[in-house]
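Structure first, commentary second.
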4 protein chains.
Amino acid sequence: MKKLNVGLIGYGFMGRTHSNAFRKVNNFFDLPYQPVLKAVCARDEQKARPFATKWGWESVETDWRRLIERPDIDLIDICSPNNTHAEIAIAAAKAGKMIMCEKPLSMDGKEGEQMVKVIEKAKVPNMVWYNYRRVPAVTLAKQLIDEGRLGRIFHYRAKFLQDWTISKDLPQGGAGLWRLDVKVAGSGVTGDLLAHCIDTALWLNGSIDTVNAMTETFIKKRKHTLTGKVEKVGIDDACAFLARFSNGSLATFESTRYARGHKALYTFEINGEHASIFWDLHDLHRLQYFDHRDEGRVRGWRSIHVTDSDHPYMANWWVPGLQIGYEHTFVHQVADFLNGLGTKKPASPTFRDALETQYVCDAVLKSAKTNRWEKVSQI
Amino acid sequence: MKKLNVGLIGYGFMGRTHSNAFRKVNNFFDLPYQPVLKAVCARDEQKARPFATKWGWESVETDWRRLIERPDIDLIDICSPNNTHAEIAIAAAKAGKMIMCEKPLSMDGKEGEQMVKVIEKAKVPNMVWYNYRRVPAVTLAKQLIDEGRLGRIFHYRAKFLQDWTISKDLPQGGAGLWRLDVKVAGSGVTGDLLAHCIDTALWLNGSIDTVNAMTETFIKKRKHTLTGKVEKVGIDDACAFLARFSNGSLATFESTRYARGHKALYTFEINGEHASIFWDLHDLHRLQYFDHRDEGRVRGWRSIHVTDSDHPYMANWWVPGLQIGYEHTFVHQVADFLNGLGTKKPASPTFRDALETQYVCDAVLKSAKTNRWEKVSQI
Amino acid sequence: MKKLNVGLIGYGFMGRTHSNAFRKVNNFFDLPYQPVLKAVCARDEQKARPFATKWGWESVETDWRRLIERPDIDLIDICSPNNTHAEIAIAAAKAGKMIMCEKPLSMDGKEGEQMVKVIEKAKVPNMVWYNYRRVPAVTLAKQLIDEGRLGRIFHYRAKFLQDWTISKDLPQGGAGLWRLDVKVAGSGVTGDLLAHCIDTALWLNGSIDTVNAMTETFIKKRKHTLTGKVEKVGIDDACAFLARFSNGSLATFESTRYARGHKALYTFEINGEHASIFWDLHDLHRLQYFDHRDEGRVRGWRSIHVTDSDHPYMANWWVPGLQIGYEHTFVHQVADFLNGLGTKKPASPTFRDALETQYVCDAVLKSAKTNRWEKVSQI
Amino acid sequence: MKKLNVGLIGYGFMGRTHSNAFRKVNNFFDLPYQPVLKAVCARDEQKARPFATKWGWESVETDWRRLIERPDIDLIDICSPNNTHAEIAIAAAKAGKMIMCEKPLSMDGKEGEQMVKVIEKAKVPNMVWYNYRRVPAVTLAKQLIDEGRLGRIFHYRAKFLQDWTISKDLPQGGAGLWRLDVKVAGSGVTGDLLAHCIDTALWLNGSIDTVNAMTETFIKKRKHTLTGKVEKVGIDDACAFLARFSNGSLATFESTRYARGHKALYTFEINGEHASIFWDLHDLHRLQYFDHRDEGRVRGWRSIHVTDSDHPYMANWWVPGLQIGYEHTFVHQVADFLNGLGTKKPASPTFRDALETQYVCDAVLKSAKTNRWEKVSQI
């Protein structure tokens, strides 16, 4: 088992999920590589130091350029805010590092294109952390679709509902709140939440041709943490859009941070000629499956407790009936990435895959402004 | 279509469910008979009169003996309190009337035996209103079991939970509260609620050999509505028992009126070698079904929305997806009774069938006193 | 209690639901009027006769004009296909009859306007059968919203999913299938299913300003039952739209007959500042309610079993825990209509109310053609 | 942060859950101690070695006595089969080691008494791994009960259903199957599954006075893996019992490995005067809570997604809506154990606490033989 030295940039929420994944992946998966937590990078050394101690990162850097220059680093993992992804990823690629990048890939499609161009020229392994593909129930859905069980697809519907920004007193910007600052986040729920829905949808149901969207910012002004002033809110609090996939199916997508009662309710449903599938993040260990070919009298939605050894990834964990949770999706992603290294089938989504999601987001945001259907750029 | 003249005794809650069933059964089912609401009987004419008007009963009687004597009455339907069933049923049988009787059949097995003896000697059609057999989902369960889909049965578990008598201020006895008066009701939850569970169980899983029970009366004294005095409560507020069926399966049964949050939660589950079934009265239009023979990866509990035309009784109602409710079970029972008249397969449960439930109740109440396993008398 | 003589036009599925409602409403509700099933009208006497017998309609007519002329008829109830509503309703109004009309009101808004004009001039009591307003759980939702419990509304989402027309072999037109014939139905799922969603939404959340829709016809040609030829299908098999309400809330609506696993899954959810509500037709006796003002640690979606006597309409039925079903919504609607007669608060939705739904449908269908946002005509 | 050197005995399923817990606890919890994975002990070095490598155990021992003698070991963690617990624990206590022991504590109460006697005399910190107490939803239930929210308790019901031993072809004994060998396991579902239910019940609802049980062995003979012969099966495949708690509440408990469709369905429900609680292991991140004091019209079971920062343990994990799983209960137990060291409130359940569960199991198994109510020995 070869060592693979990781340099992490960012120590926030995603820094924790990634650190945990790197640390435990070899305990549960037999892999050709073992990630080594070599260095964590953050501007504020006072904050990075305890993080490094807590998670076992061997060293601390305060300048990401310095980290990239280090010859003992094999892989750069980008967990810093969205507006930093491009610059770091491009520099890392040029330095010949493998790259993992938090989603969304970039501030917009144009920026993403540049990233893909450089990364592909550098031929470095790369991946974007759209972790929900690796929920075992979601991967099972992918298997069922790929096996043709659903037949022709008629409908796709996804939503991602949260309720944590309803209060008017919540400021924008700063630690933990940069997602409300459009200059840092690029967009609101579109890049933060819908990007997840879109990534899964492209994976499960193929490319999207056209979209028609509306967005809304319910609270127009919020105090900015960094400036101390009340400023206009530039992000979208809510976004819903209609879409048509290349396979002829129709879709509705919706996301908001103003849906009382939903903490992180990402759900999707697919209706095919023969069968349908439903999943939701609040009970992520279950898949709902309906097969019309079942005998009529005993036909019904099956609630599949995705914890058996013949379910994706689950042979590596516990025994049937014992569920895993959110953090395991990151472990799976690392495992797949490591297994894909040096093969002809690198783990997805690559930067190129993630660019496709970026194009959909662009079309969605554009449509919300033009008030008409917009075509999605295709790679 | 022949007319069948009905004489109803009692005008309480069950008087309403039966009146509704007699009135509407021919609108939905093609039957050889049409019930005619000929007469309702109650001691208090002042109360019976508006009831008759509301439901279209043609006449009112105040003495049930007089009702039985009427030559224009074909069928006597007994909805009066438990302690009146035997005397009325025996008199009606001797007068050659068909008889329907509310459950439980009798105050105890001994009384029930006398009833069965007279009724069978008189050869009059007879039935006891264990209406839950006619919930389409429950009838579907019966079909699946009879088809051998479950294989060898290992477990049966049933419970009936309510929460309406928790208050200490609730009196016992009198209108609407006679179920708390042991002299009128015979027992508490055992005869009222567990009798339902037992009837279904005997129907679905065969006879019960032995039982081992405990009962409790949480509130020991209550004011009696009729005497105005605080009196000892004689009924069981809660009863739970273990049982062994003749087919080798093990069972647990439980009932109480002290389970906060449950209005009328009757549930049962059966675990067989190949498949399992679960049903509950709070969502009576659904049956949960698990079949181990389903392919492993997509195996799960199926939530069957029992509203299709190939589901029991449902072709007579609306269209798929549109549920029926509680009252329809009584309509089904009347339909089955009328269809069974003059055939060699009369509708069940007959008085004889209901006597078997009575024997189980007797053994349960006896066991609660002796604190040991008791054998169930077999017919 | 005064008699109110009803003349029913049509004897199909809706003819059954209405007959049942007229027959049983007085058994459960104390009302100033008693509907009398005076006459049923259908072109084919051979089919109407057994229907009349089954339900107790006193006479049969084969020409609706003749029915309207009869002086012994007080109320005309229109259950015939959509393309007949206007002519009959206008004639009935001119004859001074009360009118009940199945939904949707008309083939389009223009036709609906004419109907409203004549009906209001004639000052006859009138109502459209948007029955889902009378599901007790839905009425409870209305109460909670009117009491201001949700606060400012951010989101409304509704869908109505079915799966009964997926087979290519299903013909269009003729008995039971006129909903697939655009000349008779006016539209597909928009008028059949979304009209229900829109009616509820307008009632619960106020008027809709603008919509943006897409429609699809998955199976382009079907054999026509009446002509025997394969003909182009003119209806929409699926329709989804974005909307903005006057109160500033955003909405998504979707309907289809191509969603495997859903028989009649009408669902809606409303997200307000303080609370959210969810309901679905497949378990119509439950309301899901989330109140953010609940203490944090024990905050969660409450599954309300809407069967208590303090729930809308339920004091008239059985006891807590015992559910009612689909047909009862029609009983409630008749009860409300009869109670509203002669008062200043006639039961809704009136023809005028239903016209508002028609305007939304028009805008939706127009938008699906123009591919842009369309304003909804306001009354 | 002090180091605490751990010596693990056993490398099976529980060896994995404990290793994982020791490894990651400090990443998520701020604690006074850091467990060091010092040595793992197993008879077969060939198997222990790769386990040690995978999990980072520094050394391997093949004789547990040798492990106990090592001066660099602070804590002995016993994950070997039930029939080895006593000897090891007693030796470890005498050597002055802290002890953690997998459940059940011992083969029976008598053996457990000896263990408690020695351990308490040695005054070494000790704990038994009844991990389900540390499911956040279960801990929340404990909080709610301790706050008096439920009022007087009337009912407790628990069950633990599995379906993995239904096949007649499954052998008994040997690696992974020692739970079917009575000489190694002591009992079947009683010690394996009901022990969990009993531990939780004692914690939540206080002591149990008397029990009345039945057990069954459905498959009487199985091939023994070690002897190669078909031998009588000595364990109980299923066990159900009635119980009375000291607080006056009634209980039913049931466990089986013959319930098709249930992988590891541990559920409990508690009904109190004012409120009720329900939990199940298949959706362990949720707690169902019903509070009768809620306003009538909006009263219902609340489905609490126990993932908020004010829920037990959850501030240490992710953000609201993102669930944890089975393995985290072990992490919590280690965290609590480490926090309890040197305080006057050591983490529970101690060996003494676990002995109480053993007494209940003894009474249950005895009652299943005597066929009568048996008193539970009290500590």
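We label chains A, B, ... in the order they appear in the structure tokens, count residues from 1 in each chain, and number ligands from 1 in the order shown.
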
Please identify every residue of chain B that has at least one atom no farther than 12 Å from an atom of chain A, counting only C-alpha atoms, and for each give the shortest atom pair and the distance in Å to one decimal, arranged by chain then increasing number, as JSON lines.
```
{"residue": "B:Pro136", "atom": "CA", "partner": "A:Arg297", "partner_atom": "CA", "distance": 11.2}
{"residue": "B:Ala137", "atom": "CA", "partner": "A:Arg297", "partner_atom": "CA", "distance": 10.2}
{"residue": "B:Thr139", "atom": "CA", "partner": "A:Arg297", "partner_atom": "CA", "distance": 11.6}
{"residue": "B:Leu140", "atom": "CA", "partner": "A:Arg297", "partner_atom": "CA", "distance": 8.1}
{"residue": "B:Ala141", "atom": "CA", "partner": "A:Val298", "partner_atom": "CA", "distance": 9.9}
{"residue": "B:Gln143", "atom": "CA", "partner": "A:Arg297", "partner_atom": "CA", "distance": 10.1}
{"residue": "B:Leu144", "atom": "CA", "partner": "A:Val298", "partner_atom": "CA", "distance": 9.0}
{"residue": "B:Arg149", "atom": "CA", "partner": "A:Val298", "partner_atom": "CA", "distance": 11.2}
{"residue": "B:Ala275", "atom": "CA", "partner": "A:Val298", "partner_atom": "CA", "distance": 11.7}
{"residue": "B:Ile277", "atom": "CA", "partner": "A:Val298", "partner_atom": "CA", "distance": 10.9}
{"residue": "B:Arg286", "atom": "CA", "partner": "A:Gly300", "partner_atom": "CA", "distance": 9.5}
{"residue": "B:Leu287", "atom": "CA", "partner": "A:Val298", "partner_atom": "CA", "distance": 8.7}
{"residue": "B:Gln288", "atom": "CA", "partner": "A:Gly300", "partner_atom": "CA", "distance": 8.5}
{"residue": "B:Tyr289", "atom": "CA", "partner": "A:Val298", "partner_atom": "CA", "distance": 7.3}
{"residue": "B:Phe290", "atom": "CA", "partner": "A:Arg302", "partner_atom": "CA", "distance": 8.5}
{"residue": "B:Asp291", "atom": "CA", "partner": "A:Val298", "partner_atom": "CA", "distance": 9.7}
{"residue": "B:Asp294", "atom": "CA", "partner": "A:Asp294", "partner_atom": "CA", "distance": 9.7}
{"residue": "B:Glu295", "atom": "CA", "partner": "A:Asp310", "partner_atom": "CA", "distance": 10.6}
{"residue": "B:Gly296", "atom": "CA", "partner": "A:Asp310", "partner_atom": "CA", "distance": 7.4}
{"residue": "B:Arg297", "atom": "CA", "partner": "A:His311", "partner_atom": "CA", "distance": 6.1}
{"residue": "B:Val298", "atom": "CA", "partner": "A:Ile304", "partner_atom": "CA", "distance": 6.3}
{"residue": "B:Arg299", "atom": "CA", "partner": "A:Ile304", "partner_atom": "CA", "distance": 6.0}
{"residue": "B:Gly300", "atom": "CA", "partner": "A:Ile304", "partner_atom": "CA", "distance": 4.4}
{"residue": "B:Trp301", "atom": "CA", "partner": "A:Arg302", "partner_atom": "CA", "distance": 5.1}
{"residue": "B:Arg302", "atom": "CA", "partner": "A:Arg302", "partner_atom": "CA", "distance": 4.1}
{"residue": "B:Ser303", "atom": "CA", "partner": "A:Gly300", "partner_atom": "CA", "distance": 4.9}
{"residue": "B:Ile304", "atom": "CA", "partner": "A:Gly300", "partner_atom": "CA", "distance": 4.4}
{"residue": "B:His305", "atom": "CA", "partner": "A:Gly300", "partner_atom": "CA", "distance": 6.8}
{"residue": "B:Val306", "atom": "CA", "partner": "A:Arg297", "partner_atom": "CA", "distance": 8.0}
{"residue": "B:Thr307", "atom": "CA", "partner": "A:Arg297", "partner_atom": "CA", "distance": 9.7}
{"residue": "B:Asp308", "atom": "CA", "partner": "A:Arg297", "partner_atom": "CA", "distance": 7.8}
{"residue": "B:Ser309", "atom": "CA", "partner": "A:Arg297", "partner_atom": "CA", "distance": 9.1}
{"residue": "B:Asp310", "atom": "CA", "partner": "A:Arg297", "partner_atom": "CA", "distance": 6.3}
{"residue": "B:His311", "atom": "CA", "partner": "A:Arg297", "partner_atom": "CA", "distance": 6.1}
{"residue": "B:Pro312", "atom": "CA", "partner": "A:Arg297", "partner_atom": "CA", "distance": 9.3}
{"residue": "B:Met314", "atom": "CA", "partner": "A:Arg297", "partner_atom": "CA", "distance": 11.4}
{"residue": "B:Pro320", "atom": "CA", "partner": "A:Gly296", "partner_atom": "CA", "distance": 11.8}
{"residue": "B:Gly321", "atom": "CA", "partner": "A:Gly300", "partner_atom": "CA", "distance": 11.8}
```

Exercise: stretch 153-162 of chain B partners within 7 Å, only C-alpha atoms, chain neighbours under 2 positions left out, as an MDAnalysis selection string = (chainID B and resid 150:151 164 193:194 197 249:259 262:273) or (chainID D and resid 258)

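Using only C-alpha atoms, the contacts of A:Thr17 at a cut-off of 10 Å, with sequence neighbours closer than 4 positions omitted, comprise Tyr11, Gly12, Phe13, Ala21, Phe22, Cys79, Tyr326, Glu327, His328, Thr329, Phe330 and Val331 of chain A; Trp317 and Trp318 of chain D.
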
key: Residue set, stretch 73-135 of chain D restricted to helix (DSSP H, G or I), as JSON, numbers by chain   = {"D": [82, 83, 84, 85, 86, 87, 88, 89, 90, 91, 92, 93, 94, 109, 110, 111, 112, 113, 114, 115, 116, 117, 118, 119, 120, 121, 122, 131, 132, 133, 134]}

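Comparing the minimum interatomic distances between C:Asn20 and each of C:Ser246, C:Gln333, C:Thr215, C:Asn339, counting only C-alpha atoms, we find that C:Gln333 sits nearest.
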
request  = Can you pull out every residue within 10 Å of stretch 86-96 of chain C, counting only C-alpha atoms, but drop anything in the same chain fewer than 4 positions away, and send it as a PyMOL selection string?
outcome  = chain C and resi 9+64-65+67-71+74-78+80+82+100-101+105-107+111-126

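Put simply, atom CA of B:Asp199 is 18.7 Å away from atom CA of B:Ile99.
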